[in-house]
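Containing compact mmCIF, C-alpha atoms and all ligand atoms: model_33.txt.
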# COMPACT_ATOMS: atom_id res chain seq x y z
CA MET A 1 0.00 0.00 0.00
CA ASN A 2 1.13 3.56 -0.70
CA ASN A 3 1.91 6.03 2.09
CA ILE A 4 -1.07 7.31 4.01
CA LYS A 5 -1.97 10.83 2.89
CA VAL A 6 -5.10 11.45 4.95
CA HIS A 7 -5.97 9.68 8.16
CA LEU A 8 -9.27 9.86 10.04
CA ASP A 9 -9.33 9.10 13.72
CA ASN A 10 -12.74 8.72 15.39
CA LEU A 11 -14.30 11.35 13.15
CA ASN A 12 -17.76 12.41 14.28
CA ILE A 13 -19.88 15.04 12.57
CA HIS A 14 -23.17 16.43 13.88
CA PHE A 15 -25.58 18.92 12.38
CA GLY A 16 -27.59 20.00 15.43
CA LYS A 17 -29.10 16.72 16.63
CA THR A 18 -28.32 14.78 13.45
CA HIS A 19 -25.31 12.50 13.86
CA ALA A 20 -24.24 12.34 10.22
CA VAL A 21 -20.80 10.70 10.53
CA LYS A 22 -20.26 8.22 13.36
CA ASP A 23 -16.86 7.57 14.79
CA ILE A 24 -15.10 6.82 11.52
CA SER A 25 -11.42 5.86 11.47
CA MET A 26 -9.78 5.10 8.15
CA ASP A 27 -6.85 5.91 5.86
CA PHE A 28 -6.64 7.38 2.38
CA PRO A 29 -3.46 6.22 0.61
CA GLU A 30 -1.36 8.66 -1.39
CA ASN A 31 -1.42 8.68 -5.20
CA SER A 32 -4.47 6.52 -5.38
CA VAL A 33 -8.21 6.91 -5.80
CA THR A 34 -10.51 6.09 -2.90
CA ALA A 35 -14.24 5.92 -3.62
CA ILE A 36 -16.84 6.58 -0.95
CA ILE A 37 -20.08 4.76 -1.68
CA GLY A 38 -23.37 4.20 0.12
CA PRO A 39 -27.07 4.99 -0.11
CA SER A 40 -28.42 8.53 -0.16
CA GLY A 41 -28.06 10.36 3.15
CA CYS A 42 -25.46 7.99 4.62
CA GLY A 43 -22.92 10.78 5.18
CA LYS A 44 -20.66 10.54 2.13
CA SER A 45 -20.60 14.25 1.25
CA THR A 46 -20.48 15.21 4.92
CA MET A 47 -17.38 13.10 5.45
CA LEU A 48 -15.77 14.36 2.24
CA ARG A 49 -16.38 18.01 3.10
CA SER A 50 -14.82 17.63 6.53
CA LEU A 51 -11.47 16.84 4.93
CA ASN A 52 -10.90 20.46 3.89
CA ARG A 53 -12.98 22.13 6.60
CA MET A 54 -15.92 23.08 4.42
CA HIS A 55 -18.21 22.68 7.45
CA ASP A 56 -16.55 25.69 9.06
CA LEU A 57 -19.09 27.66 7.05
CA VAL A 58 -22.13 25.75 8.44
CA PRO A 59 -23.17 27.13 11.85
CA SER A 60 -24.96 23.94 13.02
CA ALA A 61 -22.04 21.64 12.13
CA ARG A 62 -19.84 20.14 14.83
CA VAL A 63 -16.76 18.11 13.91
CA SER A 64 -14.82 16.08 16.46
CA GLY A 65 -12.06 13.52 16.25
CA LYS A 66 -9.00 13.93 14.09
CA VAL A 67 -8.32 14.51 10.41
CA LEU A 68 -4.62 14.27 9.66
CA LEU A 69 -3.14 15.50 6.40
CA ASP A 70 0.28 13.91 6.41
CA SER A 71 1.01 14.57 10.06
CA ASP A 72 -0.82 17.91 10.21
CA ASP A 73 -3.97 18.11 12.28
CA VAL A 74 -6.49 19.74 9.90
CA TYR A 75 -8.61 20.97 12.84
CA GLY A 76 -5.61 21.77 15.03
CA ARG A 77 -5.16 25.06 16.84
CA GLY A 78 -3.60 27.74 14.74
CA ILE A 79 -4.19 25.89 11.48
CA ASP A 80 -5.47 28.20 8.75
CA PRO A 81 -8.46 26.65 6.94
CA VAL A 82 -7.56 28.58 3.79
CA ALA A 83 -4.13 26.95 3.76
CA ILE A 84 -5.82 23.56 4.19
CA ARG A 85 -8.17 24.24 1.26
CA ARG A 86 -5.16 25.10 -0.87
CA ARG A 87 -3.67 21.70 -0.08
CA VAL A 88 -7.00 19.90 -0.37
CA GLY A 89 -8.94 21.06 -3.44
CA MET A 90 -12.54 20.26 -4.29
CA VAL A 91 -14.54 19.53 -7.43
CA PHE A 92 -18.32 19.63 -7.13
CA GLN A 93 -21.18 17.74 -8.72
CA LYS A 94 -22.30 20.62 -10.93
CA PRO A 95 -19.54 22.30 -12.90
CA ASN A 96 -19.14 25.75 -11.32
CA PRO A 97 -16.80 27.91 -13.39
CA PHE A 98 -16.83 31.60 -12.46
CA PRO A 99 -19.53 32.79 -14.87
CA ALA A 100 -18.21 36.29 -15.50
CA MET A 101 -14.71 35.09 -16.37
CA SER A 102 -12.97 33.80 -19.45
CA ILE A 103 -11.62 30.26 -19.78
CA TYR A 104 -8.12 31.64 -19.18
CA ASP A 105 -9.06 33.62 -16.09
CA ASN A 106 -10.94 30.69 -14.61
CA VAL A 107 -7.82 28.51 -14.66
CA VAL A 108 -5.71 31.06 -12.81
CA ALA A 109 -8.47 32.41 -10.54
CA GLY A 110 -7.45 30.46 -7.44
CA TYR A 111 -3.80 30.79 -8.14
CA LYS A 112 -4.02 34.58 -8.40
CA LEU A 113 -5.66 34.78 -4.99
CA ASN A 114 -2.70 33.01 -3.48
CA SER A 115 0.23 34.66 -5.18
CA ARG A 116 1.20 37.39 -7.60
CA MET A 117 2.46 36.33 -10.94
CA VAL A 118 3.65 37.70 -14.21
CA ARG A 119 1.87 37.17 -17.50
CA SER A 120 4.25 34.54 -18.88
CA GLU A 121 3.89 32.53 -15.69
CA ALA A 122 0.09 32.68 -15.99
CA ASP A 123 0.27 31.61 -19.65
CA GLU A 124 2.36 28.64 -18.67
CA ILE A 125 -0.01 27.58 -15.89
CA VAL A 126 -3.04 27.91 -18.15
CA GLU A 127 -1.46 25.81 -20.88
CA SER A 128 -0.08 23.09 -18.63
CA CYS A 129 -3.27 22.74 -16.55
CA LEU A 130 -5.54 22.69 -19.59
CA LYS A 131 -3.28 20.09 -21.19
CA ARG A 132 -3.39 17.96 -18.08
CA VAL A 133 -7.19 17.90 -18.14
CA ALA A 134 -7.15 17.22 -21.89
CA LEU A 135 -8.96 20.46 -22.69
CA TRP A 136 -6.14 22.44 -24.32
CA ASP A 137 -6.74 21.31 -27.90
CA GLU A 138 -10.43 22.08 -27.64
CA VAL A 139 -10.02 25.62 -26.26
CA LYS A 140 -6.57 26.94 -27.17
CA ASP A 141 -7.99 29.21 -29.86
CA ARG A 142 -10.61 30.76 -27.60
CA LEU A 143 -9.01 31.21 -24.22
CA LYS A 144 -10.58 34.65 -23.85
CA ALA A 145 -14.11 33.35 -24.46
CA ASN A 146 -16.46 33.22 -21.51
CA ALA A 147 -16.24 29.94 -19.60
CA MET A 148 -20.00 29.48 -19.86
CA THR A 149 -19.67 28.96 -23.63
CA LEU A 150 -18.19 25.52 -22.91
CA SER A 151 -20.24 22.34 -22.73
CA GLY A 152 -20.99 20.84 -19.30
CA GLY A 153 -18.24 18.25 -19.65
CA GLN A 154 -15.74 20.88 -20.77
CA GLN A 155 -16.76 23.11 -17.87
CA GLN A 156 -16.11 20.29 -15.42
CA ARG A 157 -12.65 19.70 -16.90
CA LEU A 158 -12.05 23.46 -16.63
CA CYS A 159 -13.00 23.30 -12.95
CA ILE A 160 -10.52 20.47 -12.46
CA ALA A 161 -7.87 22.57 -14.23
CA ARG A 162 -8.68 25.45 -11.87
CA THR A 163 -8.30 23.09 -8.92
CA ILE A 164 -4.93 21.69 -9.98
CA ALA A 165 -3.57 25.16 -10.85
CA VAL A 166 -3.31 25.83 -7.12
CA LYS A 167 -1.08 22.74 -6.81
CA PRO A 168 -3.10 20.81 -4.25
CA GLU A 169 -1.97 17.55 -2.72
CA VAL A 170 -5.42 16.02 -2.39
CA ILE A 171 -8.46 16.45 -4.66
CA LEU A 172 -11.94 15.81 -3.29
CA MET A 173 -14.59 15.05 -5.88
CA ASP A 174 -18.29 14.97 -5.00
CA GLU A 175 -20.02 13.05 -7.79
CA PRO A 176 -18.00 14.92 -10.40
CA ALA A 177 -19.62 13.21 -13.38
CA SER A 178 -23.22 12.78 -12.29
CA ALA A 179 -24.41 15.85 -14.23
CA LEU A 180 -22.59 14.79 -17.42
CA ASP A 181 -23.37 12.69 -20.48
CA PRO A 182 -21.68 9.27 -20.92
CA ILE A 183 -18.87 10.53 -23.16
CA SER A 184 -17.96 13.41 -20.84
CA THR A 185 -18.20 10.98 -17.93
CA LEU A 186 -15.71 8.68 -19.59
CA LYS A 187 -13.33 11.60 -20.10
CA ILE A 188 -13.55 12.54 -16.44
CA GLU A 189 -12.89 8.93 -15.44
CA GLU A 190 -9.83 8.77 -17.69
CA LEU A 191 -8.65 12.04 -16.23
CA ILE A 192 -9.02 10.74 -12.66
CA GLU A 193 -6.85 7.78 -13.61
CA GLU A 194 -4.13 10.15 -14.84
CA LEU A 195 -4.40 12.61 -11.99
CA LYS A 196 -3.72 10.02 -9.34
CA GLU A 197 -0.08 9.90 -10.42
CA ARG A 198 0.35 13.34 -8.86
CA TYR A 199 -2.51 13.69 -6.41
CA THR A 200 -4.45 11.74 -3.84
CA ILE A 201 -8.04 11.53 -5.00
CA ILE A 202 -11.13 10.93 -2.89
CA ILE A 203 -14.37 10.62 -4.80
CA VAL A 204 -17.99 10.28 -3.73
CA THR A 205 -20.05 8.43 -6.27
CA HIS A 206 -23.51 6.91 -6.52
CA ASN A 207 -22.44 4.96 -9.51
CA MET A 208 -21.16 1.57 -8.46
CA GLN A 209 -19.65 0.77 -11.86
CA GLN A 210 -17.80 4.03 -11.72
CA ALA A 211 -16.41 3.25 -8.26
CA ALA A 212 -15.28 -0.16 -9.50
CA ARG A 213 -13.69 1.36 -12.63
CA VAL A 214 -11.83 4.33 -11.19
CA SER A 215 -10.92 3.52 -7.62
CA ASP A 216 -8.15 1.56 -5.95
CA TYR A 217 -9.86 1.59 -2.56
CA THR A 218 -13.51 1.78 -1.58
CA ALA A 219 -15.24 2.78 1.63
CA PHE A 220 -18.87 1.77 2.14
CA LEU A 221 -20.92 3.96 4.48
CA TYR A 222 -24.37 3.21 5.83
CA MET A 223 -26.35 5.58 8.05
CA GLY A 224 -23.22 7.42 9.11
CA ASP A 225 -21.22 4.28 9.94
CA LEU A 226 -18.23 3.03 8.01
CA ILE A 227 -19.28 -0.56 7.32
CA GLU A 228 -16.24 -1.66 5.39
CA CYS A 229 -13.27 -0.30 3.51
CA GLY A 230 -10.42 -1.85 1.61
CA GLU A 231 -9.17 -2.60 -1.87
CA THR A 232 -11.87 -1.99 -4.43
CA LYS A 233 -11.32 -5.40 -6.01
CA LYS A 234 -11.97 -7.10 -2.71
CA ILE A 235 -14.94 -4.94 -1.72
CA PHE A 236 -16.61 -5.68 -5.07
CA THR A 237 -15.84 -9.40 -5.20
CA THR A 238 -15.55 -10.73 -1.68
CA PRO A 239 -16.80 -8.13 0.82
CA GLU A 240 -16.64 -9.13 4.44
CA GLN A 241 -19.91 -7.61 5.54
CA LYS A 242 -23.33 -8.77 4.42
CA GLN A 243 -24.53 -5.13 4.21
CA THR A 244 -21.75 -4.32 1.75
CA GLU A 245 -22.64 -7.28 -0.40
CA ASP A 246 -26.35 -6.39 -0.36
CA TYR A 247 -25.54 -2.83 -1.39
CA ILE A 248 -23.14 -3.58 -4.21
CA THR A 249 -25.40 -6.26 -5.62
CA GLY A 250 -28.23 -3.74 -5.69
CA ARG A 251 -30.37 -5.38 -3.01
CA PHE A 252 -30.92 -2.04 -1.34
CA GLY A 253 -29.97 1.61 -1.68
N1 LIG B 301 -25.78 21.49 6.09
C1 LIG B 301 -26.50 20.54 6.70
N2 LIG B 301 -27.36 20.86 7.69
C2 LIG B 301 -28.09 19.91 8.32
N3 LIG B 301 -28.05 18.60 8.04
C3 LIG B 301 -27.21 18.22 7.05
C4 LIG B 301 -26.40 19.15 6.33
N4 LIG B 301 -25.67 18.47 5.41
C5 LIG B 301 -26.01 17.17 5.57
N5 LIG B 301 -26.93 17.01 6.54
C6 LIG B 301 -27.52 15.73 6.99
O1 LIG B 301 -26.47 14.80 7.21
C7 LIG B 301 -26.85 13.50 6.74
C8 LIG B 301 -25.84 13.01 5.70
O2 LIG B 301 -25.98 13.79 4.52
P1 LIG B 301 -24.94 13.69 3.31
O3 LIG B 301 -25.29 14.79 2.35
O4 LIG B 301 -23.57 13.63 3.82
O5 LIG B 301 -25.32 12.28 2.69
P2 LIG B 301 -24.85 11.62 1.32
O6 LIG B 301 -24.50 10.22 1.65
O7 LIG B 301 -23.79 12.46 0.69
O8 LIG B 301 -26.19 11.69 0.49
P3 LIG B 301 -26.44 11.83 -1.10
O9 LIG B 301 -25.89 10.60 -1.69
O10 LIG B 301 -27.94 11.88 -1.19
O11 LIG B 301 -25.78 13.10 -1.54
C9 LIG B 301 -28.26 13.64 6.23
O12 LIG B 301 -29.14 13.25 7.26
C10 LIG B 301 -28.39 15.11 5.92
O13 LIG B 301 -29.71 15.54 6.03
How would this structure read if it were set down as structure tokens?
Amino acid sequence: MNNIKVHLDNLNIHFGKTHAVKDISMDFPENSVTAIIGPSGCGKSTMLRSLNRMHDLVPSARVSGKVLLDSDDVYGRGIDPVAIRRRVGMVFQKPNPFPAMSIYDNVVAGYKLNSRMVRSEADEIVESCLKRVALWDEVKDRLKANAMTLSGGQQQRLCIARTIAVKPEVILMDEPASALDPISTLKIEELIEELKERYTIIIVTHNMQQAARVSDYTAFLYMGDLIECGETKKIFTTPEQKQTEDYITGRFG
């Protein structure tokens, strides 16, 4: 197994009285894809969002336990959530490019917030990030066009380019292909496969085939509990828990 990039230790998340994530301890290995699966409302997105402190913005949310990024305590005293979000980027279900910006400006938007740069540096980042998400050839002649002129699938790849421009270590993806057509979905899946060489990827997906195709490890959640996690091959062929088997064979969920 690769090094552990993110480690959860007795993670609990409440929203008021709702106990959404219950005492979860698990590891996310570096340079690999871990899929989080489970029926609607089982806490997948809640767990994912805790990894870069997105719940800081939700007044009713309470997070306890530990999230370690390498050996850094993500919720530790004196840790800057903005610095954490730079190291742990996020791609959402619906592509969300900045609507008033060009393709070019979208790619460097996050990067510009974090550091000053000269034009040639920006050009280089735009080209390399768009190439890495396999969008360069499609857009290189219209970099100044508004980002909303792209198709949904292209917009999602642009959002991934924007995420990697900031040079994160971990990328969280919350159903990144569920709003896309099958061809765009395939492109995103191929991209995930390539991105894991540089980044640690954690993806929430409802699509079991997608989890089986793209991930190295899978975690199955049910009603806030982690039922089972391990190598995807094993989870999908010889799971240890009956609940996991029932879920992956479509008996419930
Ligand atoms: N901001 C919030 N405020 C209050 N309750 C919330 C909030 N976000 C999530 N919850 C609750 O936490 C539980 C887990 O929700 P979560 O969105 O993590 O599930 P999920 O497994 O990602 O579901 P889905 O697959 O439908 O997206 C649910 O009971 C949900 O209602």
Inset, instruction - Have a look at A:Val118, A:Arg213, A:Thr163, A:Pro168 and name the one nearest to Leu186 of chain A; count all atoms listed in the file. - result: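 Ranked by minimum distance to Leu186 of chain A, first place goes to A:Arg213.
Distance check against Glu194 of chain A using all atoms listed in the file: of A:Lys131, A:His206, A:Arg85, A:Lys144, the minimum falls on A:Lys131.
The environment of Glu231 of chain A within 9 Å, counting all atoms listed in the file and disregarding residues fewer than 2 places along the same chain, consists of Thr34, Ser215, Asp216, Tyr217, Thr218, Ala219, Cys229, Lys233, Lys234, Ile235 and Phe236 of chain A.
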Inset, instruction - Residues up to 9 Å from ligand LIG 301 (chain B), counting only C-alpha atoms and all ligand atoms: could you list those as a PyMOL selection string? - result: chain A and resi 13-21+36-49+55+58-61+174-175+204-206+221-224
Legend entry - Residues near Asn96 of chain A, cut-off 12 Å, all atoms listed in the file, skip fewer than 5 positions along chain, as a VMD selection string: chain A and resid 90 to 91 101 106 147 to 148 150 to 160 162 to 163 176 179
Expected file contents, prior selection, C-alpha atoms, as a PDB file, in the frame of the given file:
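Just written: selection07.pdb:
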ATOM      1  CA  MET A  90     -12.540  20.260  -4.290  1.00  0.00           C
ATOM      2  CA  VAL A  91     -14.540  19.530  -7.430  1.00  0.00           C
ATOM      3  CA  MET A 101     -14.710  35.090 -16.370  1.00  0.00           C
ATOM      4  CA  ASN A 106     -10.940  30.690 -14.610  1.00  0.00           C
ATOM      5  CA  ALA A 147     -16.240  29.940 -19.600  1.00  0.00           C
ATOM      6  CA  MET A 148     -20.000  29.480 -19.860  1.00  0.00           C
ATOM      7  CA  LEU A 150     -18.190  25.520 -22.910  1.00  0.00           C
ATOM      8  CA  SER A 151     -20.240  22.340 -22.730  1.00  0.00           C
ATOM      9  CA  GLY A 152     -20.990  20.840 -19.300  1.00  0.00           C
ATOM     10  CA  GLY A 153     -18.240  18.250 -19.650  1.00  0.00           C
ATOM     11  CA  GLN A 154     -15.740  20.880 -20.770  1.00  0.00           C
ATOM     12  CA  GLN A 155     -16.760  23.110 -17.870  1.00  0.00           C
ATOM     13  CA  GLN A 156     -16.110  20.290 -15.420  1.00  0.00           C
ATOM     14  CA  ARG A 157     -12.650  19.700 -16.900  1.00  0.00           C
ATOM     15  CA  LEU A 158     -12.050  23.460 -16.630  1.00  0.00           C
ATOM     16  CA  CYS A 159     -13.000  23.300 -12.950  1.00  0.00           C
ATOM     17  CA  ILE A 160     -10.520  20.470 -12.460  1.00  0.00           C
ATOM     18  CA  ARG A 162      -8.680  25.450 -11.870  1.00  0.00           C
ATOM     19  CA  THR A 163      -8.300  23.090  -8.920  1.00  0.00           C
ATOM     20  CA  PRO A 176     -18.000  14.920 -10.400  1.00  0.00           C
ATOM     21  CA  ALA A 179     -24.410  15.850 -14.230  1.00  0.00           C
TER      22      ALA A 179
END
Return as JSON lines the residues of segment 38-117 of chain A lying at most 12 Å from segment 134-139 of chain A, together with the closest atom-to-atom pair for each and the distance in Å to one decimal, counting all atoms listed in the file, with rows in chain order and ascending residue number.
{"residue": "A:Ser102", "atom": "CA", "partner": "A:Val139", "partner_atom": "CA", "distance": 11.0}
{"residue": "A:Ile103", "atom": "CA", "partner": "A:Val139", "partner_atom": "CA", "distance": 8.1}
{"residue": "A:Tyr104", "atom": "CA", "partner": "A:Val139", "partner_atom": "CA", "distance": 9.5}
{"residue": "A:Val107", "atom": "CA", "partner": "A:Leu135", "partner_atom": "CA", "distance": 11.4}
Go ahead and find all residues with at least one atom no further than 8 Å from (-14.0, 5.9, 9.9) in the file's coordinates, using all atoms listed in the file; report them as an mmCIF file with C-alpha atoms, in the frame of the given file.
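In the end it all went to part11.cif:
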data_model
loop_
_atom_site.group_PDB
_atom_site.id
_atom_site.type_symbol
_atom_site.label_atom_id
_atom_site.label_comp_id
_atom_site.auth_asym_id
_atom_site.auth_seq_id
_atom_site.Cartn_x
_atom_site.Cartn_y
_atom_site.Cartn_z
ATOM 1 C CA LEU A 8 -9.270 9.860 10.040
ATOM 2 C CA ASP A 9 -9.330 9.100 13.720
ATOM 3 C CA ASN A 10 -12.740 8.720 15.390
ATOM 4 C CA LEU A 11 -14.300 11.350 13.150
ATOM 5 C CA LYS A 22 -20.260 8.220 13.360
ATOM 6 C CA ASP A 23 -16.860 7.570 14.790
ATOM 7 C CA ILE A 24 -15.100 6.820 11.520
ATOM 8 C CA SER A 25 -11.420 5.860 11.470
ATOM 9 C CA MET A 26 -9.780 5.100 8.150
ATOM 10 C CA ASP A 225 -21.220 4.280 9.940
ATOM 11 C CA LEU A 226 -18.230 3.030 8.010
#
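The interatomic distance for the pair atom CA of Asn2 of chain A and atom CA of Glu30 of chain A works out to 5.7 Å.
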Legend entry - Closest of A:Lys66, A:Lys196, A:Arg86, A:Lys242 to Asn31 of chain A - atom-to-atom distances counting all atoms listed in the file: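 Smallest distance to Asn31 of chain A is found for A:Lys196.
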Inset, instruction - Can you work out the spacing between atom CA of Arg119 of chain A and atom CA of Ile188 of chain A in Å, to one decimal? - result: 29.1 Å
